Amino acid sequence: MEEKRILFVSSEVVPYLAENEVSSTSYDVPKMINDQGGQIRIFMPRYGNINERRHQLHEVIRLSGMNLVVNDLDMPLIIKVASIPKERIQVYFIDNDEYFKRKATFTDEEGVLYPDNDERAIFFAKGVVETVKKLNWVPDIIHVHGWLAAMLPIYMKHYYKDEALFADTKIVTSVYSQSFDGTLDKKMIDKVKFDGVPADLIADLEIPNYENIIRASVMHSDAVIIASESVSPSLTKFIESSGKPFLPFTPKEKFAEVYTNFYKTKVL
């Protein structure tokens with residue numbers, strides 16, 4: 001993977017958040033590519049429970065300052081950056097006081113999903129793309145992890161479809177086991193349609209539960225990785241019948257060989 005550019009976009013990454021399947025894989029795979037000589041960047045949201053002082057986050061003024069429109073409202077984009085100690089891996093954080101200042105990731109103290117999680121996902125997707133454009137850094141692959149990042153493939157294929165910078169970029173989505181119950185805001189599909197995405201191509205978002213959000217993301221990806229042993233049978237069947245190149249679940253000790261081979265033979 002030497003000299004290949006891979007952009008990792010994840011809803012959670014260690015060491016900035018607690019270890020789970022998504023956050024650990026979102027660290028392990030970039031580290032693997034970095035060790036192989038690939039050029040990588042990681043993007044994640046800057047949740048309020050990330051300790052900025054401990055992790056030495058700092059704002060990048062030249063990248064911050066633009067407004068992103070979400071559901072017809074202007075939302076300021078703030079970009080922060082940090083480096084994972086010892087790994088020479090740079091992590092960019094998408095921030096906005098309205099969406100990410102609260103001291104938790106996806107739910108309140110009672111475990112109830114935040115009512116604006118859908119808008120946070122849209123803002124995150126747009127924030128990543130706009131920042132990469134400013135960096136003028138052209139990824140060969142964008143690899144998406146976690147449901148909050150799942151809007152990125154949709155926006156890349158529609159909202160940003162005419163961006164010459166990404167003309168040859170391929171999108172890979174890793175699919176994990178179900179991580180929330182219930183649905184996001186029922187008006188989510190209208191907010192995505194507002195950005196010019198055809199309704200028939202995001203019909204799954206009519207009921208924006210975990211599985212439907214992932215289905216919509218998969219349909220707009222170029223390849224899929226089943227990243228958890230416990231992905232639901234219905235979602236697994238959907239991936240297998242989607243016509244997309246897909247990689248079955250691979251344990252961590254085999255990542256290096258299997259993921260690299262998948263990138264090289266099925267994605268690039």
# chains A, B, ... in the order shown; residues from 1 in each chain; ligands from 1
$ select_by_dssp --residues "range 47-191 of chain A" --states "helix (DSSP H, G or I)" --output "PyMOL selection string"
chain A and resi 52-55+97-100+117-135+147-149+151-157+164-166+188-191
$ closest_atom_pairs --of "range 137-187 of chain A" --to "range 213-225 of chain A" --cutoff "10 Å" --atoms "only C-alpha atoms" --output "Markdown table"
| residue | atom | partner | partner_atom | distance |
| --- | --- | --- | --- | --- |
| A:Ile141 | CA | A:Asp222 | CA | 9.7 |
| A:Ile142 | CA | A:Ser221 | CA | 9.6 |
| A:His143 | CA | A:Val224 | CA | 9.3 |
| A:Val144 | CA | A:Ser221 | CA | 9.3 |
| A:His145 | CA | A:Ile225 | CA | 9.8 |
| A:Gly146 | CA | A:Ile214 | CA | 8.9 |
| A:Trp147 | CA | A:Ile214 | CA | 6.7 |
| A:Leu148 | CA | A:Ile213 | CA | 9.3 |
| A:Ala149 | CA | A:Ser217 | CA | 9.0 |
| A:Ala150 | CA | A:Ser217 | CA | 5.4 |
| A:Met151 | CA | A:Ser217 | CA | 6.4 |
| A:Leu152 | CA | A:Ser217 | CA | 7.7 |
| A:Pro153 | CA | A:His220 | CA | 5.4 |
| A:Ile154 | CA | A:His220 | CA | 5.5 |
| A:Tyr155 | CA | A:His220 | CA | 8.8 |
| A:Met156 | CA | A:His220 | CA | 8.4 |
| A:Lys157 | CA | A:His220 | CA | 6.6 |
| A:His158 | CA | A:His220 | CA | 9.2 |
| A:Thr169 | CA | A:Asp222 | CA | 9.5 |
| A:Lys170 | CA | A:Asp222 | CA | 6.0 |
| A:Ile171 | CA | A:Ser221 | CA | 5.1 |
| A:Val172 | CA | A:Ala223 | CA | 4.8 |
| A:Thr173 | CA | A:Val224 | CA | 4.9 |
| A:Ser174 | CA | A:Ile225 | CA | 4.6 |
| A:Val175 | CA | A:Ile225 | CA | 6.2 |
| A:Tyr176 | CA | A:Ile225 | CA | 9.0 |
| A:Gln178 | CA | A:Ile214 | CA | 9.6 |
| A:Thr183 | CA | A:Ile213 | CA | 9.5 |
| A:Leu184 | CA | A:Ile213 | CA | 9.4 |
$ closest_residue --among "A:Asp162, A:Glu257, A:Glu98, A:Asp181" --to "Asp116 in chain A" --atoms "only C-alpha atoms"
A:Glu98
$ closest_residue --among "A:Pro248, A:Phe255, A:Val231, A:Arg62" --to "Met32 in chain A" --atoms "only C-alpha atoms"
A:Phe255
$ closest_residue --among "A:Glu130, A:Glu3, A:Glu21, A:Glu229" --to "Thr250 in chain A" --atoms "only C-alpha atoms"
A:Glu229
$ residues_around --residues "Ser64 in chain A" --least-positions-apart "5" --cutoff "7 Å" --atoms "only C-alpha atoms" --output "PyMOL selection string"
chain A and resi 77-79
$ select_by_dssp --residues "range 6-167 of chain A" --states "strand (DSSP E or B)" --output "number ranges by chain"
A: 6-10, 39-45, 58-59, 67-70, 73-76, 78-84, 89-95, 107, 113, 141-145
$ residues_around --residues "Tyr47 in chain A" --least-positions-apart "3" --cutoff "10 Å" --atoms "only C-alpha atoms" --output "list in words"
Ser11, Glu12, Tyr16, Leu17, Met44, Ile50, Asn51, Glu52, Phe93, Ile94, Asp95, Asn96, Asp97, Tyr99, Phe100, Lys101, Arg102, Lys103, Ala104, Thr105 and Phe106 of chain A
$ write_last_selection --atoms "C-alpha atoms" --output "tab-separated table (two decimals), in the first residue's frame"
chain	number	residue	atom	x	y	z
A	11	SER	CA	-17.66	7.96	14.30
A	12	GLU	CA	-15.26	6.70	17.04
A	16	TYR	CA	-9.90	9.53	22.02
A	17	LEU	CA	-12.94	7.45	23.02
A	44	MET	CA	-13.85	11.88	13.53
A	50	ILE	CA	-12.93	14.10	24.38
A	51	ASN	CA	-10.32	15.65	26.67
A	52	GLU	CA	-8.71	18.31	24.48
A	93	PHE	CA	-11.77	16.54	14.39
A	94	ILE	CA	-15.00	17.96	12.97
A	95	ASP	CA	-16.49	20.32	15.54
A	96	ASN	CA	-19.50	22.57	15.99
A	97	ASP	CA	-20.76	23.95	19.30
A	99	TYR	CA	-23.84	19.56	17.52
A	100	PHE	CA	-20.78	18.32	19.40
A	101	LYS	CA	-20.23	20.31	22.60
A	102	ARG	CA	-22.41	18.05	24.80
A	103	LYS	CA	-20.47	15.70	27.07
A	104	ALA	CA	-21.43	12.43	25.39
A	105	THR	CA	-21.38	10.79	21.99
A	106	PHE	CA	-24.80	9.59	20.75
$ residues_around --residues "Pro251 in chain A" --least-positions-apart "2" --cutoff "9 Å" --atoms "only C-alpha atoms" --output "number ranges by chain"
A: 227-229, 249, 253-255
$ write_last_selection --atoms "all heavy atoms" --output "PDB file, in the first residue's frame"
ATOM      1  N   ALA A 227     -17.381  -6.045   9.244  1.00  0.00           N
ATOM      2  CA  ALA A 227     -16.350  -5.814  10.251  1.00  0.00           C
ATOM      3  C   ALA A 227     -16.683  -6.394  11.622  1.00  0.00           C
ATOM      4  O   ALA A 227     -15.931  -6.210  12.576  1.00  0.00           O
ATOM      5  CB  ALA A 227     -16.082  -4.318  10.384  1.00  0.00           C
ATOM      6  N   SER A 228     -17.804  -7.081  11.715  1.00  0.00           N
ATOM      7  CA  SER A 228     -18.229  -7.648  12.992  1.00  0.00           C
ATOM      8  C   SER A 228     -18.750  -9.058  12.764  1.00  0.00           C
ATOM      9  O   SER A 228     -19.360  -9.341  11.726  1.00  0.00           O
ATOM     10  CB  SER A 228     -19.326  -6.773  13.605  1.00  0.00           C
ATOM     11  OG  SER A 228     -19.903  -7.393  14.723  1.00  0.00           O
ATOM     12  N   GLU A 229     -18.515  -9.909  13.735  1.00  0.00           N
ATOM     13  CA  GLU A 229     -19.033 -11.276  13.654  1.00  0.00           C
ATOM     14  C   GLU A 229     -20.538 -11.313  13.803  1.00  0.00           C
ATOM     15  O   GLU A 229     -21.190 -12.262  13.381  1.00  0.00           O
ATOM     16  CB  GLU A 229     -18.386 -12.145  14.746  1.00  0.00           C
ATOM     17  CG  GLU A 229     -17.078 -12.779  14.336  1.00  0.00           C
ATOM     18  CD  GLU A 229     -16.615 -13.817  15.348  1.00  0.00           C
ATOM     19  OE1 GLU A 229     -16.228 -13.424  16.457  1.00  0.00           O
ATOM     20  OE2 GLU A 229     -16.637 -15.027  15.012  1.00  0.00           O
ATOM     21  N   PHE A 249     -16.206 -11.245   7.400  1.00  0.00           N
ATOM     22  CA  PHE A 249     -15.533 -10.893   8.660  1.00  0.00           C
ATOM     23  C   PHE A 249     -14.149 -11.530   8.743  1.00  0.00           C
ATOM     24  O   PHE A 249     -13.967 -12.710   8.445  1.00  0.00           O
ATOM     25  CB  PHE A 249     -16.376 -11.346   9.860  1.00  0.00           C
ATOM     26  CG  PHE A 249     -15.675 -11.116  11.177  1.00  0.00           C
ATOM     27  CD1 PHE A 249     -15.510  -9.836  11.680  1.00  0.00           C
ATOM     28  CD2 PHE A 249     -15.146 -12.189  11.895  1.00  0.00           C
ATOM     29  CE1 PHE A 249     -14.838  -9.617  12.883  1.00  0.00           C
ATOM     30  CE2 PHE A 249     -14.483 -11.986  13.096  1.00  0.00           C
ATOM     31  CZ  PHE A 249     -14.338 -10.694  13.586  1.00  0.00           C
ATOM     32  N   GLU A 253      -6.063 -10.463  13.842  1.00  0.00           N
ATOM     33  CA  GLU A 253      -4.718 -10.974  13.570  1.00  0.00           C
ATOM     34  C   GLU A 253      -4.463 -11.212  12.075  1.00  0.00           C
ATOM     35  O   GLU A 253      -3.321 -11.389  11.649  1.00  0.00           O
ATOM     36  CB  GLU A 253      -4.440 -12.248  14.368  1.00  0.00           C
ATOM     37  CG  GLU A 253      -5.414 -13.388  14.149  1.00  0.00           C
ATOM     38  CD  GLU A 253      -6.621 -13.336  15.098  1.00  0.00           C
ATOM     39  OE1 GLU A 253      -6.845 -12.269  15.723  1.00  0.00           O
ATOM     40  OE2 GLU A 253      -7.318 -14.356  15.206  1.00  0.00           O
ATOM     41  N   LYS A 254      -5.530 -11.196  11.261  1.00  0.00           N
ATOM     42  CA  LYS A 254      -5.365 -11.409   9.815  1.00  0.00           C
ATOM     43  C   LYS A 254      -5.606 -10.139   8.997  1.00  0.00           C
ATOM     44  O   LYS A 254      -5.566 -10.177   7.766  1.00  0.00           O
ATOM     45  CB  LYS A 254      -6.314 -12.514   9.345  1.00  0.00           C
ATOM     46  CG  LYS A 254      -6.000 -13.894   9.927  1.00  0.00           C
ATOM     47  CD  LYS A 254      -6.946 -14.942   9.382  1.00  0.00           C
ATOM     48  CE  LYS A 254      -6.640 -16.328   9.970  1.00  0.00           C
ATOM     49  NZ  LYS A 254      -7.608 -17.340   9.532  1.00  0.00           N
ATOM     50  N   PHE A 255      -5.891  -9.018   9.690  1.00  0.00           N
ATOM     51  CA  PHE A 255      -6.172  -7.742   9.015  1.00  0.00           C
ATOM     52  C   PHE A 255      -5.157  -7.418   7.928  1.00  0.00           C
ATOM     53  O   PHE A 255      -5.510  -7.139   6.793  1.00  0.00           O
ATOM     54  CB  PHE A 255      -6.095  -6.588  10.029  1.00  0.00           C
ATOM     55  CG  PHE A 255      -7.389  -6.260  10.706  1.00  0.00           C
ATOM     56  CD1 PHE A 255      -7.437  -5.271  11.673  1.00  0.00           C
ATOM     57  CD2 PHE A 255      -8.559  -6.928  10.392  1.00  0.00           C
ATOM     58  CE1 PHE A 255      -8.613  -4.952  12.318  1.00  0.00           C
ATOM     59  CE2 PHE A 255      -9.749  -6.620  11.032  1.00  0.00           C
ATOM     60  CZ  PHE A 255      -9.767  -5.628  11.998  1.00  0.00           C
TER      61      PHE A 255
END
$ atom_distance --atom1 "CA of Tyr210 in chain A" --atom2 "CA of Phe8 in chain A"
20.6 Å
$ closest_residue --among "A:Val81, A:Ile207, A:Val22, A:Ile42" --to "Arg5 in chain A" --atoms "only C-alpha atoms"
A:Ile42
$ residues_around --residues "Asp195 in chain A" --least-positions-apart "2" --cutoff "10 Å" --atoms "only C-alpha atoms" --output "ChimeraX atom specification"
/A:69-72,122,155,158-159,190-193,197-198
$ atom_distance --atom1 "CA of Val267 in chain A" --atom2 "CA of Gln36 in chain A"
17.3 Å
$ residues_around --residues "Val128 in chain A" --least-positions-apart "2" --cutoff "8 Å" --atoms "only C-alpha atoms" --output "ChimeraX atom specification"
/A:9,43,94,124-126,130-132
$ atom_distance --atom1 "CA of Asp74 in chain A" --atom2 "CA of Val129 in chain A"
16.6 Å
$ closest_residue --among "A:Lys133, A:Ser179, A:Pro85, A:Ile189" --to "Ser230 in chain A" --atoms "only C-alpha atoms"
A:Ser179
$ decode --residues "range 183-201 of chain A" --atoms "N, CA and C atoms" --output "mmCIF file, in the first residue's frame"
data_model
loop_
_atom_site.group_PDB
_atom_site.id
_atom_site.type_symbol
_atom_site.label_atom_id
_atom_site.label_comp_id
_atom_site.auth_asym_id
_atom_site.auth_seq_id
_atom_site.Cartn_x
_atom_site.Cartn_y
_atom_site.Cartn_z
ATOM 1 N N THR A 183 -35.131 4.734 16.116
ATOM 2 C CA THR A 183 -34.820 5.434 14.870
ATOM 3 C C THR A 183 -34.284 6.831 15.162
ATOM 4 N N LEU A 184 -33.616 7.397 14.174
ATOM 5 C CA LEU A 184 -33.266 8.815 14.223
ATOM 6 C C LEU A 184 -34.514 9.611 13.836
ATOM 7 N N ASP A 185 -34.374 10.924 13.715
ATOM 8 C CA ASP A 185 -35.505 11.791 13.391
ATOM 9 C C ASP A 185 -36.203 11.320 12.117
ATOM 10 N N LYS A 186 -37.530 11.161 12.194
ATOM 11 C CA LYS A 186 -38.303 10.659 11.057
ATOM 12 C C LYS A 186 -38.223 11.590 9.838
ATOM 13 N N LYS A 187 -37.819 12.843 10.066
ATOM 14 C CA LYS A 187 -37.688 13.788 8.947
ATOM 15 C C LYS A 187 -36.301 13.750 8.318
ATOM 16 N N MET A 188 -35.496 12.777 8.714
ATOM 17 C CA MET A 188 -34.125 12.692 8.192
ATOM 18 C C MET A 188 -34.094 12.671 6.670
ATOM 19 N N ILE A 189 -34.986 11.880 6.066
ATOM 20 C CA ILE A 189 -34.978 11.755 4.604
ATOM 21 C C ILE A 189 -35.228 13.106 3.934
ATOM 22 N N ASP A 190 -36.082 13.943 4.540
ATOM 23 C CA ASP A 190 -36.360 15.262 3.974
ATOM 24 C C ASP A 190 -35.128 16.158 4.024
ATOM 25 N N LYS A 191 -34.350 16.019 5.104
ATOM 26 C CA LYS A 191 -33.138 16.839 5.253
ATOM 27 C C LYS A 191 -32.079 16.435 4.232
ATOM 28 N N VAL A 192 -32.022 15.148 3.903
ATOM 29 C CA VAL A 192 -31.067 14.681 2.888
ATOM 30 C C VAL A 192 -31.573 15.061 1.502
ATOM 31 N N LYS A 193 -32.890 14.943 1.277
ATOM 32 C CA LYS A 193 -33.475 15.356 -0.010
ATOM 33 C C LYS A 193 -33.261 16.852 -0.250
ATOM 34 N N PHE A 194 -33.258 17.643 0.802
ATOM 35 C CA PHE A 194 -33.024 19.087 0.707
ATOM 36 C C PHE A 194 -31.698 19.376 -0.002
ATOM 37 N N ASP A 195 -30.742 18.462 0.139
ATOM 38 C CA ASP A 195 -29.423 18.631 -0.477
ATOM 39 C C ASP A 195 -29.346 18.024 -1.880
ATOM 40 N N GLY A 196 -30.510 17.758 -2.472
ATOM 41 C CA GLY A 196 -30.544 17.328 -3.857
ATOM 42 C C GLY A 196 -30.333 15.841 -4.071
ATOM 43 N N VAL A 197 -30.439 15.050 -3.020
ATOM 44 C CA VAL A 197 -30.301 13.603 -3.170
ATOM 45 C C VAL A 197 -31.656 13.022 -3.571
ATOM 46 N N PRO A 198 -31.725 12.278 -4.680
ATOM 47 C CA PRO A 198 -33.012 11.741 -5.155
ATOM 48 C C PRO A 198 -33.675 10.820 -4.131
ATOM 49 N N ALA A 199 -34.960 11.034 -3.901
ATOM 50 C CA ALA A 199 -35.694 10.294 -2.874
ATOM 51 C C ALA A 199 -35.657 8.786 -3.092
ATOM 52 N N ASP A 200 -35.744 8.357 -4.361
ATOM 53 C CA ASP A 200 -35.823 6.923 -4.627
ATOM 54 C C ASP A 200 -34.513 6.204 -4.299
ATOM 55 N N LEU A 201 -33.408 6.950 -4.241
ATOM 56 C CA LEU A 201 -32.115 6.328 -3.952
ATOM 57 C C LEU A 201 -31.800 6.281 -2.457
#
